[in-house]
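Accompanying notes for the structure given below.
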Amino acid sequence: MKAMQLGAPRAALRIVDLPTPRPGPGQLLIKVRACGVCRTDLHVVDGDLAQGKMPIIPGHEIIGTVVEKGAGVERFAPGERVGVPWLGYTCGACRYCAAGRENLCDAARFTGYHLDGGYAEYTVADARYCFPIPKEYDDTAAAPLLCAGLIGYRSLVLAGDAKRLGLYGFGAAAHIVAQVARHQGRRLFAFSRPSDIAAQRFARELGAEWAGDSTAAPPEPLDAAILFAPVGALVPAALRATAKGGTVVCAGIHMSEIPAFPYELLWGERVVRSVANLTRRDGEEFLALAPRVPVKTTIEVLQLDQANEALARLREGRVTGAAVLVP
Ligand SMILES: [Zn+2]
Ligand SMILES: [Zn+2]
């Protein structure tokens, strides 16, 4: 099979010919139909995260069809469409797993980081972590739901019942969260890189009543803010924009250093918190909710061998919505 593989941090992905993987016990062999490109893939490529598997095939927003089932798999049938998310394995036994917080599992393994992912013609995945995909979505439109959607949704839940919601960074996750938030009757304020007029226009199209530069103050205080941009300086900026009792949710897996800030920005029972990974329950809830909103994804489709270009465009903020690779 053809795959786009990372051989070393900060290198370009190379197209390689590999043997098609065989499904082990509990695994599905999946023919990849589409794979979304996530900011986390950039962090993997850039070596921002603790070393995972190397070489690695990135990609954790996989839509594909089941080709073959390994021993002991009872769910799914050959030909059935499935999604493979970031959460690829949990131990089921640690204190987090036992408490229903498998997203924090001490021994978790993640797709496209510890486990080869979807920038390939085929992949294998543990069937227990795969999701059926709602029929309302075609393959490419569904791909961004698997991480931008899922982890965006988890971030939104952790923002509580905030009525006035700020979104910092208006990319793949924010464009989905915006639709869910509006569906829930929240008011939306969007922040982009300074002077990114296209992102601000996109945010208004998706229901933001105000969109502006991340350095600007919103017209009124926020009840919560979600930071999708991996920029530490946005933490004090978002706290400054947030009303007493409000929450600032850091949704990315990596962020540049957070600058020191005066305690008065946190005072008033403001909360700063992160969001880590997903649980299978998040996936089931969000994939049931998405077609009811209905969430419509805006995507730019590229060929598998254009993965480096897709990553470069994401890095430079030149993707509207989400980039999706097709083999
Ligand atoms: Zn565990
Ligand atoms: Zn992701």
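Simple scheme: letters A, B, ... for chains in structure tokens order, numbers from 1 for residues in each chain, numbers from 1 for ligands in the order shown.
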Need the shell around Cys97 of chain A: protein/DNA/RNA residues with any atom at most 12 Å away, counting only C-alpha atoms. Skip same-chain ones fewer than 5 positions apart. Format as a PyMOL selection string?
chain A and resi 89-92+102-108+279-280
Which residues are near ligand 2 - at most 12 Å, using only C-alpha atoms and all ligand atoms? Format: as a ChimeraX atom specification.
/A:35-44,58-62,84-87,110-113,117-118,143-152,171-173,228,251-254,276-278,322-323
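Distances from A:Ile56, A:Met1, A:Leu325, A:Ala71 to Pro23 of chain A were compared using only C-alpha atoms, and the smallest one belongs to A:Ala71.
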If you count only C-alpha atoms, the residue of A:Leu188, A:Ala208, A:Leu13, A:Ile226 closest to Val275 of chain A turns out to be A:Ile226
I'd like the neighbourhood of Pro134 of chain A as an MDAnalysis selection string, where a residue qualifies if any of its atoms comes within 8 Å (using only C-alpha atoms), though same-chain residues fewer than 6 positions away should be ignored.
chainID A and resid 287:288 291
All residues 12 Å or closer to Pro219 of chain A, only C-alpha atoms, same chain fewer than 5 positions away omitted, as a VMD selection string:
chain A and resid 164 166 188 to 190 209 to 212 241 to 242
May I have the residues from that selection written out with N, CA, C and O atoms, as a PDB file, in the first residue's frame?
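So the final result, stored in part-v1.pdb, reads:
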ATOM      1  N   ARG A 164     -22.277  33.456  26.538  1.00  0.00           N
ATOM      2  CA  ARG A 164     -21.431  34.250  25.621  1.00  0.00           C
ATOM      3  C   ARG A 164     -20.102  33.510  25.472  1.00  0.00           C
ATOM      4  O   ARG A 164     -19.282  33.509  26.381  1.00  0.00           O
ATOM      5  N   GLY A 166     -16.534  32.642  23.540  1.00  0.00           N
ATOM      6  CA  GLY A 166     -15.472  33.108  22.652  1.00  0.00           C
ATOM      7  C   GLY A 166     -14.701  31.925  22.082  1.00  0.00           C
ATOM      8  O   GLY A 166     -14.413  30.975  22.806  1.00  0.00           O
ATOM      9  N   LEU A 188     -22.021  33.902  20.069  1.00  0.00           N
ATOM     10  CA  LEU A 188     -20.691  33.508  19.624  1.00  0.00           C
ATOM     11  C   LEU A 188     -19.827  34.713  19.265  1.00  0.00           C
ATOM     12  O   LEU A 188     -20.269  35.609  18.539  1.00  0.00           O
ATOM     13  N   PHE A 189     -18.598  34.695  19.765  1.00  0.00           N
ATOM     14  CA  PHE A 189     -17.612  35.744  19.497  1.00  0.00           C
ATOM     15  C   PHE A 189     -16.346  35.035  19.003  1.00  0.00           C
ATOM     16  O   PHE A 189     -15.847  34.130  19.672  1.00  0.00           O
ATOM     17  N   ALA A 190     -15.846  35.419  17.836  1.00  0.00           N
ATOM     18  CA  ALA A 190     -14.734  34.680  17.217  1.00  0.00           C
ATOM     19  C   ALA A 190     -13.495  35.563  17.117  1.00  0.00           C
ATOM     20  O   ALA A 190     -13.580  36.742  16.762  1.00  0.00           O
ATOM     21  N   GLU A 209     -21.687  36.662  16.199  1.00  0.00           N
ATOM     22  CA  GLU A 209     -22.243  38.018  16.125  1.00  0.00           C
ATOM     23  C   GLU A 209     -21.138  39.059  16.094  1.00  0.00           C
ATOM     24  O   GLU A 209     -21.361  40.209  15.745  1.00  0.00           O
ATOM     25  N   TRP A 210     -19.929  38.657  16.478  1.00  0.00           N
ATOM     26  CA  TRP A 210     -18.770  39.540  16.428  1.00  0.00           C
ATOM     27  C   TRP A 210     -17.565  38.683  16.065  1.00  0.00           C
ATOM     28  O   TRP A 210     -17.433  37.548  16.540  1.00  0.00           O
ATOM     29  N   ALA A 211     -16.704  39.201  15.193  1.00  0.00           N
ATOM     30  CA  ALA A 211     -15.453  38.505  14.874  1.00  0.00           C
ATOM     31  C   ALA A 211     -14.371  39.556  14.728  1.00  0.00           C
ATOM     32  O   ALA A 211     -14.591  40.603  14.125  1.00  0.00           O
ATOM     33  N   GLY A 212     -13.227  39.302  15.341  1.00  0.00           N
ATOM     34  CA  GLY A 212     -12.158  40.287  15.289  1.00  0.00           C
ATOM     35  C   GLY A 212     -10.811  39.659  15.579  1.00  0.00           C
ATOM     36  O   GLY A 212     -10.666  38.436  15.672  1.00  0.00           O
ATOM     37  N   ALA A 241     -10.669  38.872  28.683  1.00  0.00           N
ATOM     38  CA  ALA A 241     -11.946  39.041  27.974  1.00  0.00           C
ATOM     39  C   ALA A 241     -13.104  38.332  28.681  1.00  0.00           C
ATOM     40  O   ALA A 241     -14.243  38.438  28.241  1.00  0.00           O
ATOM     41  N   THR A 242     -12.795  37.596  29.760  1.00  0.00           N
ATOM     42  CA  THR A 242     -13.792  36.714  30.373  1.00  0.00           C
ATOM     43  C   THR A 242     -14.335  37.312  31.671  1.00  0.00           C
ATOM     44  O   THR A 242     -13.585  37.857  32.479  1.00  0.00           O
TER      45      THR A 242
END
10 Å contact set for segment 2-7 of chain A, only C-alpha atoms, chain neighbours under 3 positions out, as a ChimeraX atom specification:
/A:10-20,44-45,53-59,116-123,304-308,327
Kindly save the residues from that selection, with C-alpha atoms included, as a PDB file, in the first residue's frame.
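The new file out_6.pdb reads:
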ATOM      1  CA  ARG A  10      10.859  18.060  11.484  1.00  0.00           C
ATOM      2  CA  ALA A  11      11.354  16.073   8.259  1.00  0.00           C
ATOM      3  CA  ALA A  12       8.942  16.088   5.334  1.00  0.00           C
ATOM      4  CA  LEU A  13       6.619  13.104   5.017  1.00  0.00           C
ATOM      5  CA  ARG A  14       7.808  10.637   2.373  1.00  0.00           C
ATOM      6  CA  ILE A  15       5.603   8.524   0.156  1.00  0.00           C
ATOM      7  CA  VAL A  16       6.447   4.888   0.807  1.00  0.00           C
ATOM      8  CA  ASP A  17       5.291   1.465  -0.363  1.00  0.00           C
ATOM      9  CA  LEU A  18       4.537  -0.767   2.609  1.00  0.00           C
ATOM     10  CA  PRO A  19       2.977  -4.203   2.973  1.00  0.00           C
ATOM     11  CA  THR A  20      -0.757  -3.870   3.611  1.00  0.00           C
ATOM     12  CA  VAL A  44       3.784  15.277  15.701  1.00  0.00           C
ATOM     13  CA  VAL A  45       5.704  16.327  12.580  1.00  0.00           C
ATOM     14  CA  LYS A  53       6.411   5.798  17.360  1.00  0.00           C
ATOM     15  CA  MET A  54       8.960   6.568  14.664  1.00  0.00           C
ATOM     16  CA  PRO A  55       8.670   6.151  11.758  1.00  0.00           C
ATOM     17  CA  ILE A  56       4.954   6.900  11.968  1.00  0.00           C
ATOM     18  CA  ILE A  57       2.073   7.277   9.535  1.00  0.00           C
ATOM     19  CA  PRO A  58       0.140  10.317  10.875  1.00  0.00           C
ATOM     20  CA  GLY A  59      -3.597  10.853  10.665  1.00  0.00           C
ATOM     21  CA  ASP A 116       0.095   4.109  12.454  1.00  0.00           C
ATOM     22  CA  GLY A 117      -2.743   6.277  11.210  1.00  0.00           C
ATOM     23  CA  GLY A 118      -4.715   7.234   8.154  1.00  0.00           C
ATOM     24  CA  TYR A 119      -2.317   8.956   5.771  1.00  0.00           C
ATOM     25  CA  ALA A 120      -2.326   5.659   3.866  1.00  0.00           C
ATOM     26  CA  GLU A 121      -4.429   3.431   1.630  1.00  0.00           C
ATOM     27  CA  TYR A 122      -5.092   0.965   4.468  1.00  0.00           C
ATOM     28  CA  THR A 123      -4.856   0.944   8.241  1.00  0.00           C
ATOM     29  CA  LEU A 304      -2.790  11.614  -0.167  1.00  0.00           C
ATOM     30  CA  ASP A 305       0.551  12.473  -1.777  1.00  0.00           C
ATOM     31  CA  GLN A 306      -0.177  16.172  -1.118  1.00  0.00           C
ATOM     32  CA  ALA A 307       0.003  15.627   2.652  1.00  0.00           C
ATOM     33  CA  ASN A 308       3.037  17.904   3.041  1.00  0.00           C
ATOM     34  CA  PRO A 327      -5.953   8.116  -1.172  1.00  0.00           C
TER      35      PRO A 327
END
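In this comparison, which uses only C-alpha atoms, the residue of A:Gly246, A:Leu234, A:Pro221, A:Glu284 approaching Phe261 of chain A most closely is A:Leu234.
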Among segment 160-224 of chain A, which residues carry a DSSP assignment of alpha helix (DSSP H), reported as an NGL selection string?
:A and (172-183 or 197-205)
Residues of segment 3-223 of chain A classed as strand (DSSP E or B) by DSSP on the backbone are to be reported as a ChimeraX atom specification.
/A:3-6,14-17,27-37,56,62-69,81-84,87-89,109-111,115,120,122-126,131-132,164-168,187-192,210-213,222-223
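Of note, atom CA of Val301 of chain A and atom CA of Leu115 of chain A are spaced 23.9 Å apart.
A straight line drawn from atom CA of Leu165 of chain A to atom CA of Ala181 of chain A is 8.1 Å long.
The nearest approach to Ala142 of chain A among the residues A:Arg273, A:Arg313, A:Arg81, A:Lys31, with only C-alpha atoms taken into account, belongs to A:Arg81.
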Please provide as a PyMOL selection string all residues within 10 Å of segment 192-194 of chain A, with the sequence filter that same-chain residues fewer than 6 positions apart are discarded (counting only C-alpha atoms).
chain A and resi 167-171+200+203+211-216+229+317
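For the atom pair formed by atom CA of Phe202 of chain A and atom CA of His175 of chain A, the distance is 8.3 Å, given to one decimal.
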Residue with the minimum atom-to-atom distance to ligand 1, picked from A:Gln184, A:Arg281, A:Tyr96, A:Leu311 with only C-alpha atoms and all ligand atoms counted, is A:Tyr96
